Structures are given as structure tokens and as C-alpha cells.
file structure19.tsv (TSV, C-alpha atoms and all ligand atoms)
chain	number	residue	atom	x	y	z
A	1	MET	CA	130.51	104.50	60.68
A	2	ILE	CA	130.97	103.90	56.94
A	3	THR	CA	132.52	100.55	56.34
A	4	THR	CA	132.08	100.27	52.57
A	5	GLY	CA	135.35	99.65	50.85
A	6	GLN	CA	137.39	99.01	53.99
A	7	GLY	CA	140.01	96.54	52.89
A	8	LYS	CA	137.64	94.99	50.32
A	9	ASN	CA	139.31	92.14	48.39
A	10	GLY	CA	142.61	92.96	49.99
A	11	ILE	CA	142.51	96.48	48.58
A	12	ILE	CA	143.23	99.45	50.79
A	13	ASN	CA	142.83	102.88	49.22
A	14	ILE	CA	144.29	105.76	51.15
A	15	LEU	CA	143.65	109.43	50.52
A	16	GLY	CA	146.85	111.35	51.33
A	17	ILE	CA	146.78	115.06	52.09
A	18	GLU	CA	149.84	117.31	52.23
A	19	SER	CA	149.98	121.01	53.16
A	20	SER	CA	153.17	121.48	55.18
A	21	CYS	CA	154.68	124.27	53.08
A	22	ASP	CA	153.63	125.86	49.81
A	23	GLU	CA	151.97	122.95	47.99
A	24	THR	CA	148.41	121.81	48.62
A	25	ALA	CA	148.39	118.21	47.48
A	26	ALA	CA	146.14	115.17	47.57
A	27	SER	CA	146.42	111.70	46.12
A	28	VAL	CA	144.78	108.32	46.25
A	29	VAL	CA	147.22	105.42	46.60
A	30	ARG	CA	146.20	101.75	46.54
A	31	ASN	CA	148.01	99.33	48.86
A	32	GLY	CA	150.79	101.81	49.52
A	33	ARG	CA	152.33	101.55	46.06
A	34	GLU	CA	149.83	102.14	43.26
A	35	MET	CA	149.28	105.85	42.67
A	36	LEU	CA	145.75	106.36	41.33
A	37	SER	CA	145.96	110.16	41.31
A	38	ASN	CA	148.36	112.93	42.22
A	39	VAL	CA	146.99	116.49	42.37
A	40	ILE	CA	149.29	119.34	43.39
A	41	ALA	CA	148.31	123.02	43.64
A	42	SER	CA	151.54	124.98	43.88
A	43	GLN	CA	151.71	128.45	45.40
A	44	ILE	CA	155.04	129.26	43.75
A	45	ASP	CA	153.67	132.16	41.72
A	46	THR	CA	152.36	133.87	44.85
A	47	HIS	CA	155.50	133.43	46.97
A	48	THR	CA	157.81	134.41	44.09
A	49	LEU	CA	156.56	137.98	44.60
A	50	TYR	CA	158.08	137.94	48.12
A	51	GLY	CA	161.25	135.97	47.34
A	52	GLY	CA	160.24	133.06	49.61
A	53	VAL	CA	157.34	131.36	51.39
A	54	VAL	CA	155.24	133.71	53.54
A	55	PRO	CA	153.63	131.36	56.11
A	56	GLU	CA	150.44	133.36	56.69
A	57	ILE	CA	149.78	133.69	52.97
A	58	ALA	CA	150.54	129.99	52.50
A	59	SER	CA	147.92	129.06	55.15
A	60	ARG	CA	145.26	131.16	53.46
A	61	LYS	CA	146.04	129.73	50.03
A	62	HIS	CA	145.74	126.19	51.40
A	63	ILE	CA	142.29	127.02	52.78
A	64	GLU	CA	141.22	128.41	49.39
A	65	VAL	CA	142.11	125.31	47.39
A	66	ILE	CA	142.10	122.25	49.65
A	67	VAL	CA	138.48	121.24	48.97
A	68	GLN	CA	139.02	121.43	45.23
A	69	VAL	CA	142.35	119.58	45.38
A	70	VAL	CA	140.83	116.65	47.30
A	71	ARG	CA	137.85	116.49	44.93
A	72	GLU	CA	140.20	116.45	41.95
A	73	ALA	CA	142.28	113.67	43.53
A	74	LEU	CA	139.19	111.46	43.93
A	75	LYS	CA	138.01	112.29	40.42
A	76	GLU	CA	141.39	111.62	38.81
A	77	ALA	CA	141.60	108.31	40.70
A	78	ASP	CA	138.11	107.47	39.48
A	79	VAL	CA	136.99	106.49	42.97
A	80	SER	CA	134.25	107.77	45.23
A	81	ILE	CA	134.75	108.60	48.87
A	82	LYS	CA	133.11	105.25	49.66
A	83	ASP	CA	136.13	103.52	48.14
A	84	ILE	CA	138.51	105.25	50.56
A	85	ASP	CA	139.58	103.17	53.57
A	86	ALA	CA	141.59	105.73	55.52
A	87	ILE	CA	142.91	109.28	55.38
A	88	GLY	CA	146.58	110.11	55.82
A	89	VAL	CA	147.64	113.67	56.50
A	90	THR	CA	150.98	115.40	57.11
A	91	MET	CA	151.06	116.43	60.77
A	92	GLY	CA	154.65	117.73	60.80
A	93	PRO	CA	157.32	118.86	60.48
A	94	GLY	CA	156.57	122.04	58.55
A	95	LEU	CA	154.98	125.46	58.90
A	96	VAL	CA	152.40	125.23	61.65
A	97	GLY	CA	149.68	127.34	59.98
A	98	PRO	CA	149.81	125.43	56.67
A	99	LEU	CA	149.99	122.10	58.55
A	100	LEU	CA	146.89	122.99	60.58
A	101	VAL	CA	144.86	123.50	57.42
A	102	GLY	CA	145.52	119.96	56.21
A	103	VAL	CA	145.18	118.41	59.67
A	104	SER	CA	141.87	120.21	60.42
A	105	TYR	CA	140.47	119.33	57.03
A	106	ALA	CA	141.49	115.66	57.33
A	107	LYS	CA	140.07	115.41	60.84
A	108	ALA	CA	136.72	116.84	59.75
A	109	TYR	CA	136.65	114.55	56.72
A	110	ALA	CA	137.53	111.47	58.78
A	111	TYR	CA	135.01	112.33	61.48
A	112	GLY	CA	132.24	113.08	58.99
A	113	LEU	CA	132.75	109.83	57.11
A	114	GLY	CA	133.76	107.62	60.02
A	115	LEU	CA	137.13	106.83	58.44
A	116	PRO	CA	140.39	106.10	60.24
A	117	LEU	CA	142.80	109.04	60.37
A	118	ILE	CA	146.57	108.64	60.21
A	119	GLY	CA	148.94	111.49	61.06
A	120	VAL	CA	152.05	111.20	58.90
A	121	ASN	CA	155.57	112.51	59.38
A	122	HIS	CA	156.52	114.54	56.30
A	123	ILE	CA	160.11	113.25	56.23
A	124	GLU	CA	158.86	109.67	56.38
A	125	GLY	CA	156.56	110.59	53.49
A	126	HIS	CA	159.56	111.67	51.40
A	127	ILE	CA	161.24	108.31	52.04
A	128	CYS	CA	158.05	106.44	51.06
A	129	ALA	CA	157.89	108.30	47.72
A	130	ASN	CA	160.43	105.68	46.63
A	131	TYR	CA	157.93	102.83	47.13
A	132	ILE	CA	155.48	104.22	44.60
A	133	GLU	CA	157.51	103.71	41.45
A	134	ASN	CA	159.59	100.79	42.69
A	135	LYS	CA	157.35	97.92	43.67
A	136	GLU	CA	160.32	95.71	44.56
A	137	LEU	CA	161.92	98.15	47.01
A	138	GLU	CA	161.73	96.92	50.60
A	139	PRO	CA	163.65	97.90	53.74
A	140	PRO	CA	166.40	97.69	54.78
A	141	PHE	CA	168.07	100.45	52.77
A	142	MET	CA	169.85	103.71	53.38
A	143	CYS	CA	168.17	106.97	52.42
A	144	LEU	CA	169.37	110.54	51.99
A	145	ILE	CA	166.49	112.99	52.43
A	146	VAL	CA	167.35	116.45	51.11
A	147	SER	CA	164.60	119.04	51.09
A	148	GLY	CA	163.97	122.70	51.83
A	149	GLY	CA	163.69	122.03	55.54
A	150	HIS	CA	165.67	118.83	56.13
A	151	THR	CA	168.89	117.01	55.39
A	152	HIS	CA	168.89	113.54	56.93
A	153	LEU	CA	170.95	110.44	56.30
A	154	VAL	CA	168.90	107.53	57.56
A	155	ASN	CA	169.07	103.76	57.85
A	156	VAL	CA	165.57	102.53	56.98
A	157	LYS	CA	165.59	99.35	59.05
A	158	ASP	CA	161.98	98.41	58.43
A	159	TYR	CA	158.70	100.13	57.58
A	160	GLY	CA	158.41	102.90	60.15
A	161	GLU	CA	161.74	102.07	61.77
A	162	TYR	CA	164.50	104.60	61.26
A	163	GLU	CA	167.99	105.18	62.52
A	164	ILE	CA	169.21	108.70	61.88
A	165	LEU	CA	172.92	108.60	61.07
A	166	GLY	CA	173.41	112.26	60.22
A	167	ARG	CA	171.53	115.51	59.89
A	168	THR	CA	172.25	119.13	59.19
A	169	MET	CA	173.56	121.22	62.05
A	170	ASP	CA	172.28	124.45	60.50
A	171	ASP	CA	170.75	125.10	57.05
A	172	ALA	CA	169.06	122.34	55.08
A	173	ALA	CA	170.49	121.65	51.61
A	174	GLY	CA	167.43	123.12	49.87
A	175	GLU	CA	167.51	126.17	52.11
A	176	ALA	CA	171.12	126.80	51.03
A	177	PHE	CA	170.07	126.49	47.37
A	178	ASP	CA	167.27	128.99	47.93
A	179	LYS	CA	169.48	131.51	49.78
A	180	VAL	CA	172.34	131.37	47.28
A	181	ALA	CA	169.89	131.68	44.37
A	182	ARG	CA	168.51	134.84	45.93
A	183	ALA	CA	172.03	136.24	46.44
A	184	ILE	CA	172.96	135.77	42.79
A	185	GLY	CA	169.63	137.18	41.60
A	186	LEU	CA	168.02	133.98	40.37
A	187	GLY	CA	165.01	134.32	42.67
A	188	TYR	CA	162.62	131.79	44.19
A	189	PRO	CA	162.45	128.81	44.13
A	190	GLY	CA	166.22	128.62	44.11
A	191	GLY	CA	166.91	124.92	43.67
A	192	PRO	CA	165.52	124.43	40.16
A	193	LYS	CA	166.97	127.77	39.03
A	194	ILE	CA	170.48	126.94	40.27
A	195	ASP	CA	170.16	123.50	38.69
A	196	LYS	CA	169.33	125.10	35.32
A	197	ALA	CA	171.92	127.92	35.52
A	198	SER	CA	174.64	125.41	36.51
A	199	LYS	CA	174.33	123.71	33.14
A	200	GLU	CA	175.86	126.87	31.58
A	201	GLY	CA	178.50	127.30	34.30
A	202	ASN	CA	181.88	125.90	35.31
A	203	PRO	CA	181.71	123.89	38.55
A	204	GLU	CA	185.45	124.43	39.06
A	205	ALA	CA	185.36	128.22	38.63
A	206	VAL	CA	185.42	128.86	42.39
A	207	MET	CA	186.55	126.30	44.97
A	208	PHE	CA	183.95	126.76	47.72
A	209	PRO	CA	184.50	124.92	51.06
A	210	ARG	CA	183.29	121.36	51.65
A	211	SER	CA	182.42	121.31	55.37
A	212	ARG	CA	182.95	118.27	57.57
A	213	ILE	CA	181.72	118.36	61.16
A	214	GLU	CA	184.52	117.23	63.42
A	215	GLY	CA	183.60	114.20	65.49
A	216	ASP	CA	180.18	113.79	63.90
A	217	GLU	CA	180.89	111.47	61.06
A	218	TYR	CA	177.71	111.89	59.04
A	219	ASP	CA	176.30	115.29	60.04
A	220	PHE	CA	176.08	118.13	57.54
A	221	SER	CA	176.60	121.88	57.64
A	222	PHE	CA	175.75	124.28	54.84
A	223	SER	CA	175.83	127.68	56.49
A	224	GLY	CA	179.62	128.02	56.05
A	225	LEU	CA	179.26	127.29	52.36
A	226	LYS	CA	176.45	129.82	52.04
A	227	SER	CA	178.59	132.47	53.82
A	228	ALA	CA	181.55	131.65	51.57
A	229	VAL	CA	179.40	132.32	48.50
A	230	LEU	CA	178.10	135.60	49.97
A	231	ASN	CA	181.66	136.68	50.91
A	232	TYR	CA	182.87	135.85	47.43
A	233	LEU	CA	180.11	137.97	45.87
A	234	ASN	CA	180.86	140.87	48.26
A	235	SER	CA	184.55	140.81	47.55
A	236	CYS	CA	183.89	140.82	43.79
A	237	ASP	CA	181.61	143.84	44.27
A	238	MET	CA	184.18	145.66	46.37
A	239	LYS	CA	186.97	145.02	43.89
A	240	GLY	CA	184.70	145.92	41.00
A	241	GLU	CA	185.23	142.47	39.50
A	242	GLU	CA	182.65	140.78	37.32
A	243	TYR	CA	181.50	137.24	38.01
A	244	LYS	CA	179.44	134.90	35.89
A	245	ARG	CA	176.47	133.83	37.95
A	246	GLU	CA	176.23	130.51	36.14
A	247	ASP	CA	179.79	129.78	37.41
A	248	ILE	CA	178.81	130.67	40.99
A	249	ALA	CA	175.70	128.48	40.70
A	250	ALA	CA	177.69	125.52	39.31
A	251	SER	CA	180.52	125.89	41.84
A	252	PHE	CA	178.11	126.13	44.78
A	253	GLN	CA	176.07	123.17	43.53
A	254	ALA	CA	179.25	121.09	43.12
A	255	ALA	CA	180.20	121.80	46.74
A	256	VAL	CA	176.76	120.74	48.04
A	257	VAL	CA	176.77	117.57	45.94
A	258	ASP	CA	180.33	116.68	47.06
A	259	VAL	CA	179.41	116.95	50.74
A	260	LEU	CA	176.17	114.97	50.38
A	261	LEU	CA	177.89	112.28	48.34
A	262	ASP	CA	180.97	112.05	50.55
A	263	ASN	CA	178.97	111.56	53.78
A	264	SER	CA	176.60	109.12	52.12
A	265	MET	CA	179.28	106.95	50.55
A	266	ARG	CA	181.30	106.79	53.77
A	267	ALA	CA	178.16	105.59	55.54
A	268	VAL	CA	177.38	103.12	52.74
A	269	GLU	CA	180.84	101.59	53.12
A	270	LYS	CA	180.76	101.52	56.92
A	271	TYR	CA	177.32	99.84	57.04
A	272	GLY	CA	177.88	97.59	54.02
A	273	VAL	CA	174.73	98.90	52.36
A	274	LYS	CA	173.56	97.36	49.07
A	275	THR	CA	170.53	99.60	48.43
A	276	PHE	CA	170.44	103.39	48.58
A	277	ALA	CA	167.56	105.82	47.99
A	278	LEU	CA	167.34	109.57	47.47
A	279	ALA	CA	164.34	111.61	48.58
A	280	GLY	CA	163.10	115.20	48.96
A	281	GLY	CA	162.97	118.23	46.67
A	282	VAL	CA	166.75	118.52	46.22
A	283	ALA	CA	166.82	114.87	45.06
A	284	SER	CA	165.46	116.14	41.74
A	285	ASN	CA	168.75	118.03	41.20
A	286	THR	CA	170.39	116.85	37.99
A	287	ALA	CA	173.99	116.99	39.25
A	288	LEU	CA	173.10	115.23	42.50
A	289	ARG	CA	171.32	112.41	40.69
A	290	LYS	CA	174.22	111.96	38.27
A	291	ALA	CA	176.82	111.93	41.06
A	292	PHE	CA	174.87	109.31	43.05
A	293	GLU	CA	174.20	107.23	39.93
A	294	ASP	CA	177.94	107.10	39.14
A	295	ALA	CA	179.04	106.47	42.73
A	296	CYS	CA	176.47	103.71	43.31
A	297	ARG	CA	177.24	102.04	39.98
A	298	ASP	CA	180.97	102.00	40.83
A	299	ARG	CA	180.23	100.34	44.18
A	300	GLY	CA	177.63	97.87	42.89
A	301	ILE	CA	174.85	99.53	44.90
A	302	LYS	CA	171.27	99.63	43.66
A	303	LEU	CA	170.11	103.27	43.62
A	304	TYR	CA	166.50	104.43	43.82
A	305	ARG	CA	165.36	108.01	43.23
A	306	PRO	CA	161.77	109.14	42.69
A	307	SER	CA	160.74	111.00	39.53
A	308	PRO	CA	161.08	114.75	40.13
A	309	VAL	CA	157.31	115.16	40.71
A	310	LEU	CA	157.53	112.69	43.59
A	311	CYS	CA	160.71	114.27	45.00
A	312	THR	CA	159.00	117.56	45.77
A	313	ASP	CA	156.00	117.67	48.11
A	314	ASN	CA	153.02	115.56	47.07
A	315	GLY	CA	150.09	113.69	48.58
A	316	ALA	CA	151.05	110.25	47.20
A	317	MET	CA	154.08	109.94	49.48
A	318	ILE	CA	151.84	110.78	52.46
A	319	ALA	CA	149.28	108.16	51.41
A	320	SER	CA	152.05	105.57	51.03
A	321	ALA	CA	153.50	106.31	54.48
A	322	ALA	CA	149.96	106.24	55.95
A	323	TYR	CA	149.36	102.82	54.38
A	324	TYR	CA	152.39	101.29	56.11
A	325	ALA	CA	151.42	102.87	59.44
A	326	PHE	CA	147.83	101.66	58.99
A	327	SER	CA	149.08	98.15	58.17
A	328	ARG	CA	150.94	98.18	61.49
A	329	GLY	CA	147.69	99.15	63.25
A	330	LYS	CA	148.64	102.78	63.77
A	331	VAL	CA	145.65	105.11	63.74
A	332	SER	CA	145.53	108.65	65.13
A	333	SER	CA	142.78	109.96	67.32
A	334	LEU	CA	140.64	112.92	66.37
A	335	ASP	CA	142.54	115.20	68.72
A	336	LEU	CA	145.54	114.92	66.37
A	337	ASN	CA	147.49	118.17	66.31
A	338	ALA	CA	150.05	119.64	63.93
A	339	LYS	CA	153.61	119.64	65.22
A	340	ALA	CA	155.99	122.03	63.45
A	341	ASN	CA	159.17	120.32	64.69
A	342	LEU	CA	158.04	116.68	64.63
A	343	ARG	CA	161.08	114.39	64.51
A	344	LEU	CA	161.45	111.37	62.27
A	345	GLY	CA	160.46	108.27	64.20
A	346	GLU	CA	158.55	110.25	66.84
A	347	THR	CA	155.40	108.29	67.42
A	348	VAL	CA	152.05	109.97	66.89
A	401	LIG	O1	160.73	118.47	49.52
A	401	LIG	P1	160.37	119.85	49.14
A	401	LIG	O2	159.39	120.05	48.02
A	401	LIG	O3	159.82	120.65	50.37
A	401	LIG	C1	160.31	120.52	51.67
A	401	LIG	O4	159.95	119.53	52.34
A	401	LIG	O5	161.12	121.39	52.03
A	401	LIG	O6	161.74	120.58	48.81
A	401	LIG	C2	161.79	121.90	48.39
A	401	LIG	C3	163.24	122.27	48.22
A	401	LIG	C4	163.44	123.74	47.93
A	401	LIG	O7	164.46	124.24	48.75
A	401	LIG	C5	163.86	123.74	46.47
A	401	LIG	O8	164.70	124.82	46.11
A	401	LIG	C6	164.59	122.41	46.37
A	401	LIG	O9	163.81	121.52	47.14
A	401	LIG	N1	164.67	121.92	44.99
A	401	LIG	C7	165.84	121.74	44.34
A	401	LIG	C8	165.50	121.32	43.03
A	401	LIG	N2	164.13	121.25	42.94
A	401	LIG	C9	163.65	121.61	44.16
A	401	LIG	N3	167.11	121.91	44.74
A	401	LIG	C10	168.08	121.67	43.85
A	401	LIG	N4	167.84	121.29	42.57
A	401	LIG	C11	166.58	121.10	42.12
A	401	LIG	N5	166.36	120.71	40.85
A	402	ZN	ZN	158.99	118.13	51.65
call {"tool": "encode", "arguments": {"input": "structure19.tsv", "output": "C-alpha cells"}}
result
Amino acid sequence: MITTGQGKNGIINILGIESSCDETAASVVRNGREMLSNVIASQIDTHTLYGGVVPEIASRKHIEVIVQVVREALKEADVSIKDIDAIGVTMGPGLVGPLLVGVSYAKAYAYGLGLPLIGVNHIEGHICANYIENKELEPPFMCLIVSGGHTHLVNVKDYGEYEILGRTMDDAAGEAFDKVARAIGLGYPGGPKIDKASKEGNPEAVMFPRSRIEGDEYDFSFSGLKSAVLNYLNSCDMKGEEYKREDIAASFQAAVVDVLLDNSMRAVEKYGVKTFALAGGVASNTALRKAFEDACRDRGIKLYRPSPVLCTDNGAMIASAAYYAFSRGKVSSLDLNAKANLRLGETV
């Protein structure tokens, strides 16, 4: 068992590994907040050829680069493996093949070096991305997590303690961005392309529906909106009418932002929240950030949102989440398995 570096001088360095989708990422984070390195190998170029993430190809790509990515993360952090106190790895939710690459690698690494292993929930990781750049941020706060696979409105009651107020009933916000982008010919990955195209479009050109789920105050639904966009495009085609795709992008984006903001602000008012955080890939959307900045300023609420590089998948958020689990004495055993549909708050 290697003990060098374990909690020396009150310092805990955690190596975080992320491979749940199409980014192989590793990072060293000190005491949960200080990011010493952040290495991300994106597979976007490969999956662009297919118009979306191909899970089997993603798994193989993770295997090809994971060793190099971890080495780079240690090098960039200017630490040796002896300075690492524990390894955090995303164990779910996500694509099971890609998850297994990270989990197997982390298990072997932890076993070989006698280091504690901590299985991390990816959604919790996204929330923790906010801790890295904001040393003063502490629970309780409310967080909206909007990514390619998830849309959750959560009360963060304490470190590792979450109350889910609302979630999507069908498509995730990012998934809707990706599908609509494909339909209007912008390609993959859809979110950043719609964001960019929207800047040249009119958000009021088409009034797309803003869905509210009856009875479920804070749940979300985006499949109706996606169908409305597809129907609009079809009817234009059938009538031989032209449409400006920047207008469709901007109008769709405005509808998504309205729904996310409306649910969030109703919850903020009901729970008397003073601190709100955004998280996940879609949280890098320019219109979303602006809408939340304005709404929070008007209500006197302190808003946190990670820099775009920490909104999308990264290893630093996993290391931060692992740190807080480790501090609470949570360590996984070496029979840790990947779980594609792991729920937020599910214990590991
Ligand atoms: O958090 P993330 O990197 O991976 C998941 O956990 O899913 O999020 C990826 C999602 C994709 O759907 C992508 O299109 C979306 O985040 N995204 C954006 C933007 N940047 C990434 N959506 C809207 N606007 C953006 N600027
Ligand atoms: Zn993610």
C-alpha cells in the first residue's frame, strides 16, 4: 500500500477520470477546489462523420487515449503519482461501454498503486464543477443541470445531499439541441452550432410551444418542442416556402431557455433560494446564461455558472465530487461497476 502523499499537510490531491460519453478526460484537483490540470481528448471529429455519438466507436477511442490523457494530467499538474491520494472515476450515468473503460482503468490504477477508489455520479460531477472556480460557494443552493443526457432541477442541501425537484420526462435539453440542429442541417454537436446560428436569427420569428407538465410543477418536456420544429420544417417544405435556419435556431433556443428559466424561477421563489447554479454542457449556451443572469439579478439572487470548459464533460468536476465523497469517508470497493442509468443521490 503506497501511503506517500495521503493527506500530507492537509493536502488531498485527487485524480479525476471521466469517460461517460465522447470525451476522455483527466484532471488533478487539490482539496476539491484547486484545479491543477484539466486534460480533455474530444472525439467530436470522429462522431461528426456519423451525425452523433456511436457508442462502440466511443469505447474504442477511450481505450486508445486514456493512458496518454492521464499521463498528461499528471504532467500538467506537475505532480507524480506518489502525490495522488485517491482516484475518482465516473461510474454512471452514461454509455456503458465508454463508462467501463474509465472504471476498469481507474480500478487497475487504484489496485496497482494501493490508492482509494471513488466511483462518482456524473450528474453530481456537473454540479461540483461550480466549486472549482468559486471557492466561496457552499451548499445549500439550487442547481439546474442541463446536459446531453440530463435535465434536472435540484436542491443541493449539503455536499452529496440532493433533492430532485424536477427532471425531463422525455428528451434532455442538450438532446433536443442536437436533434433540432441535425434537422436544420447544422450537424453535430448541435448545441454550440445552434448557439452560434441563433446570433444571426430572430428569436421571435416562429412561436414554438413552451411545454408545462400538468401537475408536475418543475418537470420538463422537450419532445413536443422538437416535434413542433420538425413539423414546421415539413410544412415549409410541403408548401415550398423558404425558411431562414438562423431564425429556426433562435426561435427554438428561445423556447428552451424560456421553459428552463420559468421552471427554475418558480422553484426559486417557492423555496426562497438566494443562490442558484447552472451546470452541464447546455449551461455554456450564451442565451441561457444571459437569461439567468438577468433573472437572478432582478431577484437579488447570486448566480454561479462554470466557464464553458467546465460546463461540458471534464475530469476536474469528477475529482471535485470525489473529494467531497472521500471527505465523508466514502470509498468504493474494487468490484465497482459502471451503471448506465445511475440516479443522482444513489449511493455507490
Ligand atoms: O455535459 P455534456 O458535455 O455531456 C453530457 O453529460 O451529456 O453536454 C453535452 C451537451 C450536448 O447536447 C451539446 O449539444 C450541449 O451540451 N451543448 C450546448 C452548448 N454547448 C454544448 N447546448 C447549447 N448551447 C451550447 N453552447
Ligand atoms: Zn456531462
call {"tool": "closest_residue", "arguments": {"input": "structure19.tsv", "among": "A:Ser104, A:Ser147, A:Ser211, A:Asn202", "to": "ligand LIG 401 (chain A)", "atoms": "all atoms listed in the file"}}
result
A:Ser147
call {"tool": "residues_near_ligand", "arguments": {"input": "structure19.tsv", "ligand": "ligand ZN 402 (chain A)", "cutoff": "7 Å", "atoms": "only C-alpha atoms and all ligand atoms", "output": "list in words"}}
result
His122, Ile123, His126, Ser147, Gly148, Gly280, Gly281, Thr312 and Asp313 of chain A
call {"tool": "residues_near_ligand", "arguments": {"input": "structure19.tsv", "ligand": "ligand LIG 401 (chain A)", "cutoff": "8 Å", "atoms": "only C-alpha atoms and all ligand atoms", "output": "ChimeraX atom specification"}}
result
/A:20-21,23,94,122-123,126,146-150,173-178,188-196,279-286,308,311-314
call {"tool": "atom_distance", "arguments": {"input": "structure19.tsv", "atom1": "atom CA of Gly125 of chain A", "atom2": "atom CA of Arg212 of chain A"}}
result
27.8 Å
call {"tool": "residues_around", "arguments": {"input": "structure19.tsv", "residues": "Tyr232 of chain A", "least_positions_apart": "6", "cutoff": "10 Å", "atoms": "all atoms listed in the file", "output": "list in words"}}
result
Val206, Phe208, Lys226, Met238, Tyr243 and Ile248 of chain A
call {"tool": "residues_around", "arguments": {"input": "structure19.tsv", "residues": "Ser320 of chain A", "least_positions_apart": "2", "cutoff": "10 Å", "atoms": "all atoms listed in the file", "output": "short mmCIF file (atom, residue, chain, number, x, y, z; two decimals) with C-alpha atoms, in the frame of the given file"}}
result
data_model
loop_
_atom_site.label_atom_id
_atom_site.label_comp_id
_atom_site.auth_asym_id
_atom_site.auth_seq_id
_atom_site.Cartn_x
_atom_site.Cartn_y
_atom_site.Cartn_z
CA ASN A 13 142.83 102.88 49.22
CA ILE A 14 144.29 105.76 51.15
CA LEU A 15 143.65 109.43 50.52
CA GLY A 16 146.85 111.35 51.33
CA SER A 27 146.42 111.70 46.12
CA VAL A 28 144.78 108.32 46.25
CA VAL A 29 147.22 105.42 46.60
CA ARG A 30 146.20 101.75 46.54
CA ASN A 31 148.01 99.33 48.86
CA GLY A 32 150.79 101.81 49.52
CA ARG A 33 152.33 101.55 46.06
CA GLU A 34 149.83 102.14 43.26
CA MET A 35 149.28 105.85 42.67
CA GLY A 88 146.58 110.11 55.82
CA VAL A 120 152.05 111.20 58.90
CA GLU A 124 158.86 109.67 56.38
CA GLY A 125 156.56 110.59 53.49
CA HIS A 126 159.56 111.67 51.40
CA ILE A 127 161.24 108.31 52.04
CA CYS A 128 158.05 106.44 51.06
CA ALA A 129 157.89 108.30 47.72
CA ASN A 130 160.43 105.68 46.63
CA TYR A 131 157.93 102.83 47.13
CA ILE A 132 155.48 104.22 44.60
CA GLY A 315 150.09 113.69 48.58
CA ALA A 316 151.05 110.25 47.20
CA MET A 317 154.08 109.94 49.48
CA ILE A 318 151.84 110.78 52.46
CA ALA A 322 149.96 106.24 55.95
CA TYR A 323 149.36 102.82 54.38
CA TYR A 324 152.39 101.29 56.11
CA ALA A 325 151.42 102.87 59.44
CA PHE A 326 147.83 101.66 58.99
#
call {"tool": "atom_distance", "arguments": {"input": "structure19.tsv", "atom1": "atom CA of Phe220 of chain A", "atom2": "atom CA of Val256 of chain A"}}
result
9.9 Å
call {"tool": "atom_distance", "arguments": {"input": "structure19.tsv", "atom1": "atom CA of Gly92 of chain A", "atom2": "atom CA of Lys339 of chain A"}}
result
4.9 Å
call {"tool": "closest_residue", "arguments": {"input": "structure19.tsv", "among": "A:Gly187, A:Met142, A:Leu74, A:Gly329", "to": "Met265 of chain A", "atoms": "only C-alpha atoms"}}
result
A:Met142
call {"tool": "residues_near_point", "arguments": {"input": "structure19.tsv", "point": "(142.4, 118.4, 65.1)", "cutoff": "9 Å", "atoms": "all atoms listed in the file", "output": "PyMOL selection string"}}
result
chain A and resi 100+103-108+333-338
call {"tool": "decode", "arguments": {"input": "structure19.tsv", "residues": "segment 195-211 of chain A", "atoms": "C-alpha atoms", "output": "compact mmCIF listing (two decimals), in the first residue's frame"}}
result
# COMPACT_ATOMS: atom_id res chain seq x y z
CA ASP A 195 -25.97 28.87 -30.15
CA LYS A 196 -23.81 30.43 -32.89
CA ALA A 197 -26.50 30.41 -35.62
CA SER A 198 -29.02 31.99 -33.21
CA LYS A 199 -26.90 35.12 -33.01
CA GLU A 200 -27.86 35.82 -36.66
CA GLY A 201 -31.52 34.84 -36.21
CA ASN A 202 -34.76 36.29 -34.86
CA PRO A 203 -35.94 34.51 -31.69
CA GLU A 204 -39.49 35.73 -32.34
CA ALA A 205 -39.67 34.50 -35.96
CA VAL A 206 -41.64 31.37 -35.00
CA MET A 207 -43.54 30.96 -31.73
CA PHE A 208 -42.69 27.38 -30.77
CA PRO A 209 -44.56 25.80 -27.80
CA ARG A 210 -43.36 26.18 -24.21
CA SER A 211 -44.40 22.90 -22.56
